[in-house]
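query_2.pdb follows; it contains PDB, C-alpha atoms.
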ATOM      1  CA  MET V 264      50.214 169.146  75.908
ATOM      2  CA  ASP V 265      47.494 168.381  73.326
ATOM      3  CA  LEU V 266      46.515 164.829  72.405
ATOM      4  CA  GLN V 267      48.277 164.806  69.033
ATOM      5  CA  HIS V 268      51.567 165.998  70.516
ATOM      6  CA  ARG V 269      51.330 163.425  73.317
ATOM      7  CA  GLN V 270      50.821 160.660  70.746
ATOM      8  CA  LEU V 271      53.842 161.854  68.794
ATOM      9  CA  VAL V 272      55.993 161.730  71.917
ATOM     10  CA  GLN V 273      54.843 158.147  72.517
ATOM     11  CA  LEU V 274      55.663 157.094  68.955
ATOM     12  CA  LEU V 275      59.103 158.685  68.592
ATOM     13  CA  PRO V 276      61.081 155.976  70.450
ATOM     14  CA  ILE V 277      59.361 153.305  68.349
ATOM     15  CA  LEU V 278      60.155 154.775  64.920
ATOM     16  CA  PRO V 279      63.521 152.963  64.397
ATOM     17  CA  LEU V 280      61.867 149.691  65.333
ATOM     18  CA  LEU V 281      59.003 150.232  62.880
ATOM     19  CA  ALA V 282      61.424 151.110  60.090
ATOM     20  CA  GLU V 283      63.537 147.978  60.694
ATOM     21  CA  LEU V 284      60.468 145.774  60.951
ATOM     22  CA  GLY V 285      59.159 147.171  57.691
ATOM     23  CA  ARG V 286      62.412 146.022  56.087
ATOM     24  CA  THR V 287      62.733 142.557  57.667
ATOM     25  CA  GLN V 288      59.043 141.610  57.984
ATOM     26  CA  HIS V 289      60.165 139.401  60.876
ATOM     27  CA  ILE V 290      59.938 140.128  64.606
ATOM     28  CA  THR V 291      62.785 137.820  65.698
ATOM     29  CA  GLU V 292      65.219 139.156  63.075
ATOM     30  CA  THR V 293      64.300 142.739  63.966
ATOM     31  CA  ALA V 294      64.970 142.048  67.640
ATOM     32  CA  GLU V 295      68.381 140.510  66.832
ATOM     33  CA  LEU V 296      69.410 143.381  64.562
ATOM     34  CA  LEU V 297      68.449 146.016  67.133
ATOM     35  CA  GLY V 298      69.909 144.044  70.034
ATOM     36  CA  VAL V 299      66.670 143.979  72.076
ATOM     37  CA  PRO V 300      64.497 141.123  73.399
ATOM     38  CA  GLN V 301      61.754 139.850  71.101
ATOM     39  CA  SER V 302      59.175 140.690  73.772
ATOM     40  CA  THR V 303      60.263 144.338  73.615
ATOM     41  CA  VAL V 304      59.517 144.414  69.884
ATOM     42  CA  SER V 305      56.111 142.795  70.388
ATOM     43  CA  ARG V 306      55.128 145.246  73.134
ATOM     44  CA  ALA V 307      56.312 148.201  71.077
ATOM     45  CA  LEU V 308      54.170 147.062  68.155
ATOM     46  CA  ALA V 309      51.112 146.771  70.341
ATOM     47  CA  ARG V 310      51.779 150.213  71.809
ATOM     48  CA  ALA V 311      52.293 151.754  68.360
ATOM     49  CA  SER V 312      49.022 150.261  67.073
ATOM     50  CA  ALA V 313      47.183 151.607  70.128
ATOM     51  CA  VAL V 314      48.616 155.096  69.680
ATOM     52  CA  VAL V 315      47.919 155.206  65.933
ATOM     53  CA  GLY V 316      44.450 153.782  66.440
ATOM     54  CA  THR V 317      44.671 150.923  63.960
ATOM     55  CA  GLU V 318      46.577 147.680  63.511
ATOM     56  CA  LEU V 319      49.954 148.093  61.825
ATOM     57  CA  LEU V 320      50.979 144.455  61.429
ATOM     58  CA  ILE V 321      49.318 141.132  60.709
ATOM     59  CA  ARG V 322      51.036 137.991  61.969
ATOM     60  CA  GLU V 323      51.579 135.241  59.400
ATOM     61  CA  GLY V 324      53.226 132.199  60.971
ATOM     62  CA  ARG V 325      56.639 133.297  62.251
ATOM     63  CA  GLY V 326      56.624 136.402  60.090
ATOM     64  CA  VAL V 327      54.522 139.543  59.860
ATOM     65  CA  ARG V 328      52.865 141.490  57.095
ATOM     66  CA  LEU V 329      52.359 145.247  57.029
ATOM     67  CA  THR V 330      48.764 146.441  56.991
ATOM     68  CA  PRO V 331      47.784 149.082  54.421
ATOM     69  CA  ALA V 332      47.906 151.659  57.230
ATOM     70  CA  ALA V 333      51.495 150.702  58.079
ATOM     71  CA  LYS V 334      52.528 150.805  54.430
ATOM     72  CA  ALA V 335      51.104 154.317  54.178
ATOM     73  CA  LEU V 336      52.891 155.396  57.369
ATOM     74  CA  LEU V 337      56.283 153.755  56.726
ATOM     75  CA  PRO V 338      57.639 156.244  54.117
ATOM     76  CA  TYR V 339      57.040 159.077  56.590
ATOM     77  CA  VAL V 340      58.795 157.134  59.355
ATOM     78  CA  GLU V 341      61.822 156.510  57.125
ATOM     79  CA  SER V 342      61.856 160.143  55.999
ATOM     80  CA  ALA V 343      61.800 161.381  59.604
ATOM     81  CA  LEU V 344      64.680 159.087  60.550
ATOM     82  CA  ALA V 345      66.668 160.135  57.487
ATOM     83  CA  ASP V 346      66.210 163.812  58.345
ATOM     84  CA  PHE V 347      67.365 163.172  61.895
ATOM     85  CA  ARG V 348      70.451 161.270  60.675
ATOM     86  CA  THR V 349      71.274 164.148  58.339
ATOM     87  CA  GLY V 350      71.078 166.609  61.209
ATOM     88  CA  LEU V 351      73.141 164.351  63.447
ATOM     89  CA  ASP V 352      75.810 163.985  60.749
ATOM     90  CA  LEU V 353      75.903 167.755  60.345
ATOM     91  CA  VAL V 354      76.503 168.250  64.048
ATOM     92  CA  ARG V 355      79.174 165.553  64.102
ATOM     93  CA  HIS V 356      80.959 166.861  61.025
ATOM     94  CA  GLU V 357      80.954 170.388  62.381
ATOM     95  CA  SER V 358      82.632 169.186  65.547
ATOM     96  CA  GLU V 359      86.385 169.037  65.149
ATOM     97  CA  VAL V 360      86.815 166.815  68.177
ATOM     98  CA  ILE V 361      86.221 163.291  66.884
ATOM     99  CA  ARG V 362      88.279 160.953  69.014
ATOM    100  CA  GLY V 363      88.829 157.253  68.723
ATOM    101  CA  ARG V 364      90.924 154.619  66.978
ATOM    102  CA  ILE V 365      90.586 153.187  63.492
ATOM    103  CA  GLY V 366      92.206 149.877  62.595
ATOM    104  CA  VAL V 367      93.426 149.507  59.012
ATOM    105  CA  THR V 368      95.196 146.480  57.603
ATOM    106  CA  PHE V 369      96.784 146.773  54.168
ATOM    107  CA  GLN V 370      99.015 145.093  51.633
ATOM    108  CA  HIS V 371     102.628 146.248  51.617
ATOM    109  CA  THR V 372     102.418 148.077  48.289
ATOM    110  CA  PHE V 373      99.835 150.543  49.606
ATOM    111  CA  GLY V 374     101.976 151.865  52.447
ATOM    112  CA  GLU V 375     103.991 154.364  50.402
ATOM    113  CA  ALA V 376     101.200 156.486  48.937
ATOM    114  CA  THR V 377      97.648 155.095  48.840
ATOM    115  CA  LEU V 378      96.956 154.701  52.557
ATOM    116  CA  PRO V 379      98.937 157.801  53.650
ATOM    117  CA  LEU V 380      96.882 159.958  51.258
ATOM    118  CA  LEU V 381      93.603 158.678  52.731
ATOM    119  CA  ILE V 382      94.765 159.057  56.330
ATOM    120  CA  SER V 383      96.142 162.546  55.683
ATOM    121  CA  ALA V 384      92.808 163.692  54.228
ATOM    122  CA  PHE V 385      90.939 162.314  57.231
ATOM    123  CA  ARG V 386      93.334 163.701  59.832
ATOM    124  CA  SER V 387      93.056 167.154  58.270
ATOM    125  CA  ARG V 388      89.388 167.098  59.329
ATOM    126  CA  HIS V 389      89.643 165.040  62.512
ATOM    127  CA  PRO V 390      93.152 165.444  63.945
ATOM    128  CA  GLN V 391      92.296 163.789  67.264
ATOM    129  CA  THR V 392      91.650 160.392  65.662
ATOM    130  CA  GLU V 393      94.354 157.727  65.884
ATOM    131  CA  PHE V 394      95.094 154.824  63.531
ATOM    132  CA  ASP V 395      96.265 151.292  64.287
ATOM    133  CA  LEU V 396      98.032 149.943  61.191
ATOM    134  CA  SER V 397      99.072 146.434  60.222
ATOM    135  CA  GLN V 398     100.299 145.052  56.928
ATOM    136  CA  GLY V 399     100.650 141.683  55.277
ATOM    137  CA  SER V 400      99.400 139.512  52.467
ATOM    138  CA  ARG V 401      95.919 139.930  51.033
ATOM    139  CA  ASP V 402      94.746 136.764  52.787
ATOM    140  CA  SER V 403      96.074 137.901  56.167
ATOM    141  CA  CYS V 404      94.490 141.359  55.733
ATOM    142  CA  LEU V 405      91.068 139.882  55.003
ATOM    143  CA  ALA V 406      91.459 137.445  57.917
ATOM    144  CA  GLU V 407      92.161 140.356  60.285
ATOM    145  CA  LEU V 408      89.101 142.160  58.963
ATOM    146  CA  ALA V 409      86.832 139.129  59.354
ATOM    147  CA  SER V 410      88.030 138.473  62.909
ATOM    148  CA  GLY V 411      87.393 142.069  63.989
ATOM    149  CA  GLN V 412      91.060 142.881  64.544
ATOM    150  CA  ALA V 413      90.781 145.633  61.901
ATOM    151  CA  ASP V 414      87.983 147.956  60.827
ATOM    152  CA  PHE V 415      89.160 148.199  57.216
ATOM    153  CA  ALA V 416      91.275 146.226  54.753
ATOM    154  CA  LEU V 417      92.981 147.878  51.780
ATOM    155  CA  THR V 418      93.618 145.148  49.223
ATOM    156  CA  ALA V 419      93.945 144.193  45.583
ATOM    157  CA  PRO V 420      91.963 142.536  44.197
ATOM    158  CA  VAL V 421      89.051 144.186  46.001
ATOM    159  CA  ALA V 422      87.342 141.890  48.500
ATOM    160  CA  ALA V 423      84.016 140.550  47.258
ATOM    161  CA  ALA V 424      81.020 142.081  49.025
ATOM    162  CA  SER V 425      78.899 139.687  51.086
ATOM    163  CA  ARG V 426      76.385 139.713  53.905
ATOM    164  CA  THR V 427      79.170 140.337  56.407
ATOM    165  CA  ILE V 428      81.660 142.319  54.293
ATOM    166  CA  GLY V 429      81.122 145.568  52.406
ATOM    167  CA  SER V 430      83.602 146.763  49.811
ATOM    168  CA  ALA V 431      84.224 149.395  47.159
ATOM    169  CA  ALA V 432      86.780 149.814  44.378
ATOM    170  CA  LEU V 433      88.904 152.978  44.561
ATOM    171  CA  TYR V 434      91.170 152.848  41.506
ATOM    172  CA  ARG V 435      92.814 150.584  38.945
ATOM    173  CA  GLU V 436      96.475 150.447  37.981
ATOM    174  CA  PRO V 437      98.364 148.487  35.297
ATOM    175  CA  LEU V 438     100.683 145.562  35.898
ATOM    176  CA  ARG V 439     103.966 145.589  34.009
ATOM    177  CA  LEU V 440     106.647 143.145  33.073
ATOM    178  CA  VAL V 441     109.820 143.921  35.052
ATOM    179  CA  VAL V 442     113.102 142.726  33.553
ATOM    180  CA  PRO V 443     116.814 143.375  34.285
ATOM    181  CA  HIS V 444     118.054 146.480  32.471
ATOM    182  CA  ARG V 445     120.385 144.372  30.284
ATOM    183  CA  HIS V 446     117.667 141.844  29.411
ATOM    184  CA  ARG V 447     116.942 141.031  25.762
ATOM    185  CA  LEU V 448     113.430 142.532  26.192
ATOM    186  CA  ALA V 449     114.590 145.734  27.900
ATOM    187  CA  GLY V 450     114.304 147.833  24.735
ATOM    188  CA  ARG V 451     110.828 146.595  23.787
ATOM    189  CA  GLN V 452     107.820 148.944  23.813
ATOM    190  CA  ARG V 453     105.457 146.093  24.755
ATOM    191  CA  ALA V 454     105.777 142.408  25.576
ATOM    192  CA  GLY V 455     103.572 139.355  25.928
ATOM    193  CA  LEU V 456     103.646 136.509  28.423
ATOM    194  CA  ALA V 457     104.836 134.191  25.663
ATOM    195  CA  ASP V 458     108.053 136.239  25.578
ATOM    196  CA  ILE V 459     108.963 135.046  29.089
ATOM    197  CA  ARG V 460     107.733 131.463  28.818
ATOM    198  CA  LYS V 461     111.209 130.025  29.483
ATOM    199  CA  GLU V 462     112.427 132.754  31.844
ATOM    200  CA  PRO V 463     112.952 132.235  35.603
ATOM    201  CA  PHE V 464     110.126 134.101  37.367
ATOM    202  CA  VAL V 465     110.306 136.005  40.672
ATOM    203  CA  ALA V 466     106.900 135.803  42.364
ATOM    204  CA  LEU V 467     105.116 136.952  45.483
ATOM    205  CA  GLY V 468     104.263 134.090  47.822
ATOM    206  CA  PRO V 469     100.890 132.301  47.945
ATOM    207  CA  GLY V 470      98.199 134.366  49.676
ATOM    208  CA  TYR V 471      99.413 137.665  48.223
ATOM    209  CA  GLY V 472      97.083 139.565  45.919
ATOM    210  CA  LEU V 473      99.685 139.936  43.182
ATOM    211  CA  ARG V 474     100.330 136.192  43.242
ATOM    212  CA  SER V 475      96.675 135.426  42.555
ATOM    213  CA  LEU V 476      96.657 137.939  39.692
ATOM    214  CA  THR V 477      99.831 136.649  38.039
ATOM    215  CA  ASP V 478      98.646 133.044  38.449
ATOM    216  CA  ALA V 479      95.457 133.989  36.591
ATOM    217  CA  MET V 480      97.455 135.677  33.816
ATOM    218  CA  PHE V 481      99.625 132.612  33.283
ATOM    219  CA  ARG V 482      96.598 130.316  33.300
ATOM    220  CA  GLU V 483      95.041 132.399  30.542
ATOM    221  CA  ALA V 484      98.330 132.267  28.614
ATOM    222  CA  GLY V 485      98.293 128.473  28.870
ATOM    223  CA  PHE V 486     101.476 127.773  30.844
ATOM    224  CA  ARG V 487     103.000 127.857  34.315
ATOM    225  CA  PRO V 488     106.016 130.066  34.990
ATOM    226  CA  ARG V 489     109.280 128.589  36.185
ATOM    227  CA  ILE V 490     109.371 130.165  39.644
ATOM    228  CA  ALA V 491     112.938 130.875  40.749
ATOM    229  CA  PHE V 492     112.168 132.848  43.927
ATOM    230  CA  GLU V 493     109.162 133.685  46.089
ATOM    231  CA  SER V 494     109.205 136.832  48.201
ATOM    232  CA  GLN V 495     106.943 138.641  50.643
ATOM    233  CA  ASP V 496     107.371 142.178  49.303
ATOM    234  CA  THR V 497     107.803 143.911  45.961
ATOM    235  CA  HIS V 498     111.013 145.692  46.983
ATOM    236  CA  THR V 499     112.792 142.355  47.278
ATOM    237  CA  VAL V 500     111.256 141.182  44.002
ATOM    238  CA  ARG V 501     112.652 144.242  42.212
ATOM    239  CA  GLY V 502     116.027 143.681  43.808
ATOM    240  CA  LEU V 503     116.179 140.086  42.605
ATOM    241  CA  VAL V 504     115.150 141.143  39.106
ATOM    242  CA  SER V 505     117.729 143.956  39.154
ATOM    243  CA  ALA V 506     120.429 141.409  39.911
ATOM    244  CA  GLY V 507     119.468 139.416  36.828
ATOM    245  CA  LEU V 508     117.947 136.518  38.779
ATOM    246  CA  GLY V 509     114.654 136.480  36.899
ATOM    247  CA  VAL V 510     111.760 138.555  35.603
ATOM    248  CA  SER V 511     108.530 139.500  37.343
ATOM    249  CA  ILE V 512     105.150 141.191  36.954
ATOM    250  CA  LEU V 513     104.510 144.104  39.295
ATOM    251  CA  PRO V 514     102.544 147.345  39.602
ATOM    252  CA  PRO V 515     104.418 150.467  38.438
ATOM    253  CA  GLY V 516     107.357 151.352  40.634
ATOM    254  CA  GLY V 517     107.481 155.059  39.871
ATOM    255  CA  GLY V 518     110.625 154.806  37.757
ATOM    256  CA  ALA V 519     112.923 152.504  35.823
ATOM    257  CA  GLY V 520     115.348 151.992  38.701
ATOM    258  CA  PRO V 521     119.118 152.344  38.407
ATOM    259  CA  GLY V 522     119.818 151.781  34.727
ATOM    260  CA  SER V 523     122.868 151.328  32.536
ATOM    261  CA  ASP V 524     124.166 154.822  33.267
ATOM    262  CA  ALA V 525     124.410 153.918  36.962
ATOM    263  CA  THR V 526     125.833 150.433  36.721
ATOM    264  CA  ALA V 527     129.236 151.339  38.117
ATOM    265  CA  ARG V 528     127.926 152.753  41.369
ATOM    266  CA  ALA V 529     124.961 150.381  41.626
ATOM    267  CA  GLY V 530     126.965 147.207  41.103
ATOM    268  CA  GLY V 531     125.297 146.510  37.772
ATOM    269  CA  LEU V 532     121.790 146.532  39.252
ATOM    270  CA  GLY V 533     118.853 147.945  37.314
ATOM    271  CA  TRP V 534     115.427 147.074  35.978
ATOM    272  CA  VAL V 535     113.074 148.155  33.193
ATOM    273  CA  GLU V 536     109.272 148.105  33.222
ATOM    274  CA  ILE V 537     107.479 147.070  30.023
ATOM    275  CA  PRO V 538     103.720 147.313  29.314
ATOM    276  CA  LEU V 539     102.105 143.894  28.927
ATOM    277  CA  ASP V 540      99.818 142.671  26.145
ATOM    278  CA  SER V 541      97.247 141.012  28.381
ATOM    279  CA  GLU V 542      93.668 141.956  29.210
ATOM    280  CA  LEU V 543      94.359 140.783  32.762
ATOM    281  CA  ALA V 544      97.406 143.019  33.254
ATOM    282  CA  PHE V 545      95.871 145.294  35.879
ATOM    283  CA  ARG V 546      94.803 145.239  39.478
ATOM    284  CA  GLU V 547      91.846 146.932  41.134
ATOM    285  CA  ILE V 548      92.468 148.397  44.554
ATOM    286  CA  GLY V 549      89.688 148.829  47.048
ATOM    287  CA  MET V 550      88.635 149.080  50.669
ATOM    288  CA  ALA V 551      86.626 146.497  52.576
ATOM    289  CA  TRP V 552      84.878 146.796  55.941
ATOM    290  CA  ARG V 553      82.733 144.697  58.247
ATOM    291  CA  GLU V 554      78.971 145.090  57.921
ATOM    292  CA  ARG V 555      77.744 145.684  61.458
ATOM    293  CA  ARG V 556      74.198 144.373  61.782
ATOM    294  CA  SER V 557      73.341 144.790  65.424
ATOM    295  CA  ALA V 558      73.130 147.621  67.914
ATOM    296  CA  ARG V 559      75.664 145.823  70.113
ATOM    297  CA  ASP V 560      78.245 146.036  67.310
ATOM    298  CA  ALA V 561      77.451 149.589  66.256
ATOM    299  CA  GLU V 562      79.986 151.348  64.042
ATOM    300  CA  PRO V 563      81.985 153.919  66.066
ATOM    301  CA  ASP V 564      81.810 157.476  64.767
ATOM    302  CA  PRO V 565      85.483 157.657  63.643
ATOM    303  CA  VAL V 566      85.137 154.379  61.734
ATOM    304  CA  ARG V 567      81.943 155.526  60.040
ATOM    305  CA  LEU V 568      83.408 158.908  59.128
ATOM    306  CA  PHE V 569      86.560 157.345  57.668
ATOM    307  CA  ARG V 570      84.492 154.930  55.579
ATOM    308  CA  GLU V 571      82.324 157.801  54.322
ATOM    309  CA  LEU V 572      85.409 159.849  53.378
ATOM    310  CA  VAL V 573      87.043 156.939  51.535
ATOM    311  CA  LEU V 574      83.869 156.172  49.581
ATOM    312  CA  ALA V 575      83.063 159.792  48.745
ATOM    313  CA  ASP V 576      86.520 161.293  48.220
ATOM    314  CA  GLY V 577      88.869 158.326  47.805
ATOM    315  CA  PRO V 578      88.753 158.055  43.994
ATOM    316  CA  SER V 579      89.418 161.781  43.513
ATOM    317  CA  LEU V 580      92.116 161.854  46.215
ATOM    318  CA  LEU V 581      93.933 158.997  44.486
ATOM    319  CA  ALA V 582      93.399 160.186  40.903
ATOM    320  CA  GLY V 583      96.782 161.940  40.793
ATOM    321  CA  LEU V 584      98.490 158.794  42.021
ATOM    322  CA  VAL V 585      96.859 156.785  39.232
ATOM    323  CA  GLN V 586      97.870 159.328  36.549
ATOM    324  CA  ALA V 587     101.481 159.379  37.766
ATOM    325  CA  ARG V 588     101.673 155.620  37.239
TER     326      ARG V 588
END
Starting from the coordinates I provided, produce the structure as structure tokens.
Amino acid sequence: MDLQHRQLVQLLPILPLLAELGRTQHITETAELLGVPQSTVSRALARASAVVGTELLIREGRGVRLTPAAKALLPYVESALADFRTGLDLVRHESEVIRGRIGVTFQHTFGEATLPLLISAFRSRHPQTEFDLSQGSRDSCLAELASGQADFALTAPVAAASRTIGSAALYREPLRLVVPHRHRLAGRQRAGLADIRKEPFVALGPGYGLRSLTDAMFREAGFRPRIAFESQDTHTVRGLVSAGLGVSILPPGGGAGPGSDATARAGGLGWVEIPLDSELAFREIGMAWRERRSARDAEPDPVRLFRELVLADGPSLLAGLVQAR
């Protein structure tokens, strides 16, 4: 083994550490992110400098500064790691046996189409992977995500990205006024919030994504609705509206429900959806996940692959769903 090859072998295990240190410029933070003792980082730096033949870092108080030699070397380190990750991904993607469990928490309205479409696409590639599903209000979904009970949360509005949470929007859908089929507004092509100012309103309960959106719409309109009922799912809301017990604002339901031609067999139930004149009459649906920042909390392969599929293919997979609504 020649000298240059022996030096390369000595440097290879240190490359991820050098890349992370180049990003953080801090030995303690690098050690925490990689899940290793600070002394291990310090020794690795000394070893790397000895192998390269020149100092790579200059200490400045509690931080460090890259030397010109390190700055020249770092792009090649990052490129080598990127190439290796690409090769590793290729091997993993070519393997059909990806086992593990993925936890997804979601709001009730995404259980009929949105989430099944994403899971179906993933299972077609990795059939051995299993999913643990839970559903609830937006607040409860995000709480499960933050606590680590779930790997992903499918919500609307999309969770705000932060240091601990990553998120991405997948699609947007309109919100519509839902009225009983015999309502005075049922024949209208469009309606405004002022048209229902004095109407009893059927709402989702506090903590639900739709409740926060409708609250914002009414605030912009300058009044509070007269809430007649609060429910925990949109099916019940539609049922209450169908029975003439109020009006509501909901995402499209895929149809107008049992209308006047079905009143005899449906007991007079029926609803009509009407487009709303409001710039806030939409909701944006997206996926959120925990940002894992240490080697001890590394992202399992199935979780990573599902996130990559949702981000890369989710919008196109769901495009037909958006058009149908």
Original post:
What is the distance, in Å and to one decimal place, between atom CA of V:Gln370 and atom CA of V:Gly516?
Top reply: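 The value is 15.2 Å.
Note that atom CA of V:Ala551 and atom CA of V:Ser403 are 13.3 Å apart.
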**OP:** Would you write out, as JSON, numbers by chain, every residue that the PyMOL selection byres ((chain V and resi 501) around 12) captures in this file?
**Re:** {"V": [440, 441, 442, 443, 444, 464, 465, 466, 467, 492, 493, 494, 495, 496, 497, 498, 499, 500, 502, 503, 504, 505, 506, 507, 508, 509, 510, 511, 512, 513, 514, 515, 516, 518, 519, 520, 521, 532, 533, 534, 535, 536]}
Please produce a file of the residues just selected, as a tab-separated table (two decimals), in the frame of the given file, where the atoms kept are C-alpha atoms.
chain	number	residue	atom	x	y	z
V	440	LEU	CA	106.65	143.15	33.07
V	441	VAL	CA	109.82	143.92	35.05
V	442	VAL	CA	113.10	142.73	33.55
V	443	PRO	CA	116.81	143.38	34.28
V	444	HIS	CA	118.05	146.48	32.47
V	464	PHE	CA	110.13	134.10	37.37
V	465	VAL	CA	110.31	136.00	40.67
V	466	ALA	CA	106.90	135.80	42.36
V	467	LEU	CA	105.12	136.95	45.48
V	492	PHE	CA	112.17	132.85	43.93
V	493	GLU	CA	109.16	133.68	46.09
V	494	SER	CA	109.20	136.83	48.20
V	495	GLN	CA	106.94	138.64	50.64
V	496	ASP	CA	107.37	142.18	49.30
V	497	THR	CA	107.80	143.91	45.96
V	498	HIS	CA	111.01	145.69	46.98
V	499	THR	CA	112.79	142.35	47.28
V	500	VAL	CA	111.26	141.18	44.00
V	502	GLY	CA	116.03	143.68	43.81
V	503	LEU	CA	116.18	140.09	42.60
V	504	VAL	CA	115.15	141.14	39.11
V	505	SER	CA	117.73	143.96	39.15
V	506	ALA	CA	120.43	141.41	39.91
V	507	GLY	CA	119.47	139.42	36.83
V	508	LEU	CA	117.95	136.52	38.78
V	509	GLY	CA	114.65	136.48	36.90
V	510	VAL	CA	111.76	138.56	35.60
V	511	SER	CA	108.53	139.50	37.34
V	512	ILE	CA	105.15	141.19	36.95
V	513	LEU	CA	104.51	144.10	39.30
V	514	PRO	CA	102.54	147.34	39.60
V	515	PRO	CA	104.42	150.47	38.44
V	516	GLY	CA	107.36	151.35	40.63
V	518	GLY	CA	110.62	154.81	37.76
V	519	ALA	CA	112.92	152.50	35.82
V	520	GLY	CA	115.35	151.99	38.70
V	521	PRO	CA	119.12	152.34	38.41
V	532	LEU	CA	121.79	146.53	39.25
V	533	GLY	CA	118.85	147.94	37.31
V	534	TRP	CA	115.43	147.07	35.98
V	535	VAL	CA	113.07	148.16	33.19
V	536	GLU	CA	109.27	148.10	33.22
Original post:
Near V:Leu572, counting only C-alpha atoms, which residues have an atom at most 12 Å away, once you skip same-chain residues fewer than 3 positions from it, shown as a PyMOL selection string?
Top reply: chain V and resi 356+380-389+433+550+565-569+575-580
Original post:
What is the atom CA of V:Gly374 to atom CA of V:Ile428 distance in Å?
Top reply: 22.5 Å
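Comparing V:Ile537, V:Glu547, V:Thr287, V:Pro563 by their smallest distance to V:Gly450, the closest is V:Ile537 (using only C-alpha atoms).
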Subject >> From V:Gln412, V:Gln301, V:Thr477, V:Gln391, residue lying nearest V:Val367 [only C-alpha atoms] >> reply: V:Gln412
